[in-house]
Amino acid sequence: MTACKAAGACYHWCALKLPDFRKLWRLSARRKESEQSYRRFQAFQAGLIIRHLEDHGVRLSGSSLLDLGSGLGGYSQEFAARGAQVFAVDLTPPRSGAPGLHRIRANAGAVPLRDASVDLVFCASLIEHVPRPGEILGEIERVLKPGGTAYVSFPPYYSPLGGHEYAPFHYLGEKIAMRLRGRRKVPDWVRNLYPVRGDAESFADLFTGWGLFKMTIRKFRRLLRTSRLACLDMSTRYLPVSFIRWPGIGEVLTWHAQFLLRKPL
């Protein structure tokens, strides 16, 4: 329906303060020590994103929320702790529960929820892992109530972190990146949860049922135009200055793109 209009760099007054950056850095540095460490990292980020949502008039308490591609569940648990009824959908749903948290094993392209059934959809670092991202946007639009809000975020492929665990080697091409990444030590708990296919020949077929695809800001904005979702805001997660609206260079300078979307009444 509506895509965010292009413009120059913009300043976000609600960006992180220095103490939050320091804690985020510490948690990030330790996130791969264990599942619990990674969930703590996710939960802290959830609190920061809740602040971003509240700055845009979105409240979690008493709402129904779909966490689409919930992964280990740190975001889901924090959302539930803040008073939302959370439906955590993933091919591998969270292994630990919490009051108000409903764990659902399902494909994100076919969510087992009724039409117009949730107030808020949270979809972080998922859309770049599926071959047909339009299906994800379609499901977001379908399950949202009229007037409901969606938060969608991802690291643009050409940003320094766009290759995920293959960054920054993804700049050298997939085959080289895959060879170089094979020399890195991967924690056992990560290897067990997300085993890489031994016969994988590209990022697209790294895992069973999902992979890594070239999602860019430009591509996502084109996808938005094919939906009825209106774009309320686009920015760079946590940073005070955002170059997300700059064609080309914004794809490199935006470490993590975030979009606030709304379904029309």
# chains A, B, ... in the order shown; residues from 1 in each chain; ligands from 1
$ closest_atom_pairs --of "region 4-102 of chain A" --to "region 187-193 of chain A" --cutoff "8 Å" --atoms "only C-alpha atoms" --output "JSON lines"
{"residue": "A:Lys32", "atom": "CA", "partner": "A:Pro187", "partner_atom": "CA", "distance": 6.9}
{"residue": "A:Glu33", "atom": "CA", "partner": "A:Pro187", "partner_atom": "CA", "distance": 7.4}
{"residue": "A:Ser34", "atom": "CA", "partner": "A:Trp189", "partner_atom": "CA", "distance": 6.9}
{"residue": "A:Glu35", "atom": "CA", "partner": "A:Trp189", "partner_atom": "CA", "distance": 7.2}
$ write_last_selection --atoms "all heavy atoms" --output "PDB file, in the first residue's frame"
ATOM      1  N   LYS A  32      27.194 -16.194  22.657  1.00  0.00           N
ATOM      2  CA  LYS A  32      27.364 -17.549  22.151  1.00  0.00           C
ATOM      3  C   LYS A  32      27.894 -18.526  23.192  1.00  0.00           C
ATOM      4  O   LYS A  32      28.171 -19.682  22.881  1.00  0.00           O
ATOM      5  CB  LYS A  32      28.279 -17.538  20.923  1.00  0.00           C
ATOM      6  CG  LYS A  32      27.650 -16.861  19.721  1.00  0.00           C
ATOM      7  CD  LYS A  32      28.531 -16.982  18.487  1.00  0.00           C
ATOM      8  CE  LYS A  32      27.892 -16.316  17.280  1.00  0.00           C
ATOM      9  NZ  LYS A  32      28.733 -16.425  16.064  1.00  0.00           N
ATOM     10  N   GLU A  33      28.008 -18.062  24.432  1.00  0.00           N
ATOM     11  CA  GLU A  33      28.512 -18.951  25.478  1.00  0.00           C
ATOM     12  C   GLU A  33      27.534 -20.089  25.765  1.00  0.00           C
ATOM     13  O   GLU A  33      27.944 -21.201  26.096  1.00  0.00           O
ATOM     14  CB  GLU A  33      28.781 -18.157  26.757  1.00  0.00           C
ATOM     15  CG  GLU A  33      29.974 -17.206  26.631  1.00  0.00           C
ATOM     16  CD  GLU A  33      30.222 -16.432  27.913  1.00  0.00           C
ATOM     17  OE1 GLU A  33      29.423 -16.599  28.883  1.00  0.00           O
ATOM     18  OE2 GLU A  33      31.191 -15.661  27.965  1.00  0.00           O
ATOM     19  N   SER A  34      26.222 -19.792  25.682  1.00  0.00           N
ATOM     20  CA  SER A  34      25.205 -20.803  25.958  1.00  0.00           C
ATOM     21  C   SER A  34      23.859 -20.305  25.439  1.00  0.00           C
ATOM     22  O   SER A  34      23.716 -19.133  25.068  1.00  0.00           O
ATOM     23  CB  SER A  34      25.103 -21.065  27.466  1.00  0.00           C
ATOM     24  OG  SER A  34      24.619 -19.900  28.132  1.00  0.00           O
ATOM     25  N   GLU A  35      22.875 -21.207  25.424  1.00  0.00           N
ATOM     26  CA  GLU A  35      21.515 -20.791  25.047  1.00  0.00           C
ATOM     27  C   GLU A  35      21.016 -19.701  25.981  1.00  0.00           C
ATOM     28  O   GLU A  35      20.374 -18.736  25.550  1.00  0.00           O
ATOM     29  CB  GLU A  35      20.558 -21.984  25.112  1.00  0.00           C
ATOM     30  CG  GLU A  35      20.681 -22.966  23.977  1.00  0.00           C
ATOM     31  CD  GLU A  35      19.585 -24.007  24.019  1.00  0.00           C
ATOM     32  OE1 GLU A  35      18.403 -23.623  24.097  1.00  0.00           O
ATOM     33  OE2 GLU A  35      19.911 -25.214  23.989  1.00  0.00           O
TER      34      GLU A  35
END
$ closest_atom_pairs --of "region 133-190 of chain A" --to "region 112-126 of chain A" --cutoff "12 Å" --atoms "only C-alpha atoms" --output "tab-separated table"
residue	atom	partner	partner_atom	distance
A:Pro133	CA	A:Leu126	CA	9.0
A:Glu135	CA	A:Leu126	CA	11.9
A:Ile136	CA	A:Leu126	CA	8.9
A:Leu137	CA	A:Cys123	CA	9.8
A:Gly138	CA	A:Asp115	CA	11.1
A:Glu139	CA	A:Asp115	CA	9.0
A:Ile140	CA	A:Val121	CA	6.7
A:Glu141	CA	A:Ala116	CA	8.2
A:Arg142	CA	A:Asp115	CA	5.4
A:Val143	CA	A:Ala116	CA	4.5
A:Leu144	CA	A:Ala116	CA	4.7
A:Lys145	CA	A:Ala116	CA	4.0
A:Pro146	CA	A:Ala116	CA	6.9
A:Gly147	CA	A:Asp119	CA	8.0
A:Gly148	CA	A:Asp119	CA	4.8
A:Thr149	CA	A:Leu120	CA	5.0
A:Ala150	CA	A:Val121	CA	4.5
A:Tyr151	CA	A:Phe122	CA	5.0
A:Val152	CA	A:Cys123	CA	4.8
A:Ser153	CA	A:Ala124	CA	4.8
A:Phe154	CA	A:Ser125	CA	4.6
A:Pro155	CA	A:Ser125	CA	7.1
A:Pro156	CA	A:Ser125	CA	9.9
A:Tyr157	CA	A:Ser125	CA	11.4
A:Leu161	CA	A:Ser125	CA	11.5
A:Gly162	CA	A:Ser125	CA	10.3
A:Gly163	CA	A:Ser125	CA	11.7
A:His164	CA	A:Ser125	CA	9.7
$ closest_residue --among "A:Val111, A:Ile176, A:Ile127, A:Ala81" --to "Ile217 (chain A)" --atoms "only C-alpha atoms"
A:Ile127
$ closest_residue --among "A:Ala167, A:Leu253, A:Met234, A:Val130" --to "Asn107 (chain A)" --atoms "only C-alpha atoms"
A:Val130
$ residues_around --residues "Arg39 (chain A)" --least-positions-apart "4" --cutoff "9 Å" --atoms "only C-alpha atoms" --output "PyMOL selection string"
chain A and resi 31+34-35+43-44+72-75+77
$ write_last_selection --atoms "N, CA, C and O atoms" --output "PDB file, in the first residue's frame"
ATOM      1  N   ARG A  31      27.140 -13.707  23.983  1.00  0.00           N
ATOM      2  CA  ARG A  31      25.883 -14.332  23.579  1.00  0.00           C
ATOM      3  C   ARG A  31      26.029 -15.792  23.137  1.00  0.00           C
ATOM      4  O   ARG A  31      25.065 -16.567  23.243  1.00  0.00           O
ATOM      5  N   SER A  34      26.222 -19.792  25.682  1.00  0.00           N
ATOM      6  CA  SER A  34      25.205 -20.803  25.958  1.00  0.00           C
ATOM      7  C   SER A  34      23.859 -20.305  25.439  1.00  0.00           C
ATOM      8  O   SER A  34      23.716 -19.133  25.068  1.00  0.00           O
ATOM      9  N   GLU A  35      22.875 -21.207  25.424  1.00  0.00           N
ATOM     10  CA  GLU A  35      21.515 -20.791  25.047  1.00  0.00           C
ATOM     11  C   GLU A  35      21.016 -19.701  25.981  1.00  0.00           C
ATOM     12  O   GLU A  35      20.374 -18.736  25.550  1.00  0.00           O
ATOM     13  N   ALA A  43      16.561 -10.871  25.190  1.00  0.00           N
ATOM     14  CA  ALA A  43      15.623 -10.229  26.113  1.00  0.00           C
ATOM     15  C   ALA A  43      15.978  -8.762  26.326  1.00  0.00           C
ATOM     16  O   ALA A  43      15.090  -7.900  26.402  1.00  0.00           O
ATOM     17  N   PHE A  44      17.268  -8.470  26.436  1.00  0.00           N
ATOM     18  CA  PHE A  44      17.671  -7.072  26.605  1.00  0.00           C
ATOM     19  C   PHE A  44      17.309  -6.265  25.364  1.00  0.00           C
ATOM     20  O   PHE A  44      16.799  -5.140  25.466  1.00  0.00           O
ATOM     21  N   LEU A  72      15.253 -18.813  19.752  1.00  0.00           N
ATOM     22  CA  LEU A  72      15.453 -19.298  21.115  1.00  0.00           C
ATOM     23  C   LEU A  72      14.447 -18.744  22.109  1.00  0.00           C
ATOM     24  O   LEU A  72      14.345 -19.250  23.227  1.00  0.00           O
ATOM     25  N   GLY A  73      13.739 -17.683  21.748  1.00  0.00           N
ATOM     26  CA  GLY A  73      12.634 -17.226  22.576  1.00  0.00           C
ATOM     27  C   GLY A  73      12.920 -16.119  23.558  1.00  0.00           C
ATOM     28  O   GLY A  73      12.063 -15.777  24.368  1.00  0.00           O
ATOM     29  N   GLY A  74      14.106 -15.518  23.507  1.00  0.00           N
ATOM     30  CA  GLY A  74      14.404 -14.431  24.442  1.00  0.00           C
ATOM     31  C   GLY A  74      13.498 -13.232  24.251  1.00  0.00           C
ATOM     32  O   GLY A  74      13.046 -12.624  25.223  1.00  0.00           O
ATOM     33  N   TYR A  75      13.221 -12.878  22.990  1.00  0.00           N
ATOM     34  CA  TYR A  75      12.282 -11.786  22.718  1.00  0.00           C
ATOM     35  C   TYR A  75      10.896 -12.147  23.235  1.00  0.00           C
ATOM     36  O   TYR A  75      10.230 -11.357  23.920  1.00  0.00           O
ATOM     37  N   GLN A  77       9.885 -14.198  25.535  1.00  0.00           N
ATOM     38  CA  GLN A  77       9.759 -14.227  26.989  1.00  0.00           C
ATOM     39  C   GLN A  77       9.660 -12.816  27.564  1.00  0.00           C
ATOM     40  O   GLN A  77       8.886 -12.568  28.496  1.00  0.00           O
TER      41      GLN A  77
END
$ atom_distance --atom1 "CA of Asp205 (chain A)" --atom2 "CA of Glu128 (chain A)"
12.9 Å
$ closest_residue --among "A:Phe79, A:Thr236, A:His170, A:Arg179" --to "Leu260 (chain A)" --atoms "only C-alpha atoms"
A:Thr236
$ decode --residues "region 145-168 of chain A" --atoms "N, CA, C and O atoms" --output "compact mmCIF listing (two decimals), in the first residue's frame"
# COMPACT_ATOMS: atom_id res chain seq x y z
N LYS A 145 -4.89 -7.60 13.14
CA LYS A 145 -6.19 -6.97 13.19
C LYS A 145 -6.14 -5.64 12.43
O LYS A 145 -5.05 -5.04 12.32
N PRO A 146 -7.24 -5.17 11.90
CA PRO A 146 -7.23 -3.83 11.29
C PRO A 146 -6.72 -2.79 12.28
O PRO A 146 -7.14 -2.76 13.44
N GLY A 147 -5.78 -1.98 11.86
CA GLY A 147 -5.15 -1.01 12.75
C GLY A 147 -3.99 -1.57 13.54
O GLY A 147 -3.34 -0.83 14.29
N GLY A 148 -3.69 -2.88 13.36
CA GLY A 148 -2.59 -3.51 14.08
C GLY A 148 -1.24 -3.09 13.53
O GLY A 148 -1.12 -2.58 12.41
N THR A 149 -0.19 -3.32 14.33
CA THR A 149 1.16 -2.87 14.00
C THR A 149 2.10 -4.05 13.83
O THR A 149 2.00 -5.04 14.55
N ALA A 150 3.02 -3.92 12.89
CA ALA A 150 4.07 -4.92 12.70
C ALA A 150 5.44 -4.26 12.80
O ALA A 150 5.64 -3.15 12.30
N TYR A 151 6.35 -4.95 13.47
CA TYR A 151 7.75 -4.54 13.54
C TYR A 151 8.53 -5.58 12.76
O TYR A 151 8.54 -6.77 13.11
N VAL A 152 9.18 -5.16 11.67
CA VAL A 152 9.97 -6.06 10.83
C VAL A 152 11.39 -5.51 10.75
O VAL A 152 11.58 -4.32 10.47
N SER A 153 12.38 -6.36 10.99
CA SER A 153 13.77 -5.90 10.93
C SER A 153 14.67 -6.98 10.35
O SER A 153 14.35 -8.17 10.40
N PHE A 154 15.80 -6.54 9.80
CA PHE A 154 16.77 -7.46 9.23
C PHE A 154 18.07 -6.71 8.96
O PHE A 154 18.06 -5.49 8.76
N PRO A 155 19.20 -7.41 8.92
CA PRO A 155 20.46 -6.78 8.50
C PRO A 155 20.53 -6.80 6.97
O PRO A 155 20.53 -7.88 6.37
N PRO A 156 20.55 -5.66 6.30
CA PRO A 156 20.64 -5.66 4.84
C PRO A 156 21.85 -6.45 4.37
O PRO A 156 22.92 -6.40 4.99
N TYR A 157 21.70 -7.16 3.28
CA TYR A 157 22.73 -8.11 2.85
C TYR A 157 24.08 -7.45 2.64
O TYR A 157 25.13 -8.03 2.93
N TYR A 158 24.10 -6.23 2.13
CA TYR A 158 25.37 -5.58 1.80
C TYR A 158 25.93 -4.75 2.97
O TYR A 158 26.93 -4.06 2.80
N SER A 159 25.32 -4.87 4.13
CA SER A 159 25.90 -4.24 5.32
C SER A 159 26.97 -5.17 5.89
O SER A 159 27.03 -6.35 5.53
N PRO A 160 27.86 -4.67 6.75
CA PRO A 160 28.93 -5.52 7.30
C PRO A 160 28.42 -6.78 7.99
O PRO A 160 29.14 -7.78 8.05
N LEU A 161 27.19 -6.76 8.52
CA LEU A 161 26.64 -7.92 9.22
C LEU A 161 25.64 -8.70 8.37
O LEU A 161 25.02 -9.64 8.85
N GLY A 162 25.49 -8.29 7.11
CA GLY A 162 24.47 -8.91 6.27
C GLY A 162 24.70 -10.37 5.95
O GLY A 162 23.77 -11.08 5.57
N GLY A 163 25.93 -10.85 6.11
CA GLY A 163 26.23 -12.26 5.87
C GLY A 163 26.03 -13.13 7.08
O GLY A 163 26.34 -14.33 7.04
N HIS A 164 25.49 -12.53 8.19
CA HIS A 164 25.27 -13.26 9.43
C HIS A 164 26.58 -13.94 9.87
O HIS A 164 27.61 -13.29 9.97
N GLU A 165 26.54 -15.26 10.10
CA GLU A 165 27.75 -15.92 10.59
C GLU A 165 28.85 -15.98 9.54
O GLU A 165 29.99 -16.35 9.85
N TYR A 166 28.53 -15.62 8.31
CA TYR A 166 29.53 -15.60 7.24
C TYR A 166 30.14 -14.21 7.04
O TYR A 166 31.04 -14.04 6.21
N ALA A 167 29.64 -13.22 7.76
CA ALA A 167 30.17 -11.86 7.66
C ALA A 167 31.58 -11.79 8.26
O ALA A 167 31.88 -12.47 9.24
N PRO A 168 32.47 -10.99 7.69
CA PRO A 168 32.30 -10.15 6.50
C PRO A 168 32.70 -10.85 5.20
O PRO A 168 32.81 -10.22 4.15
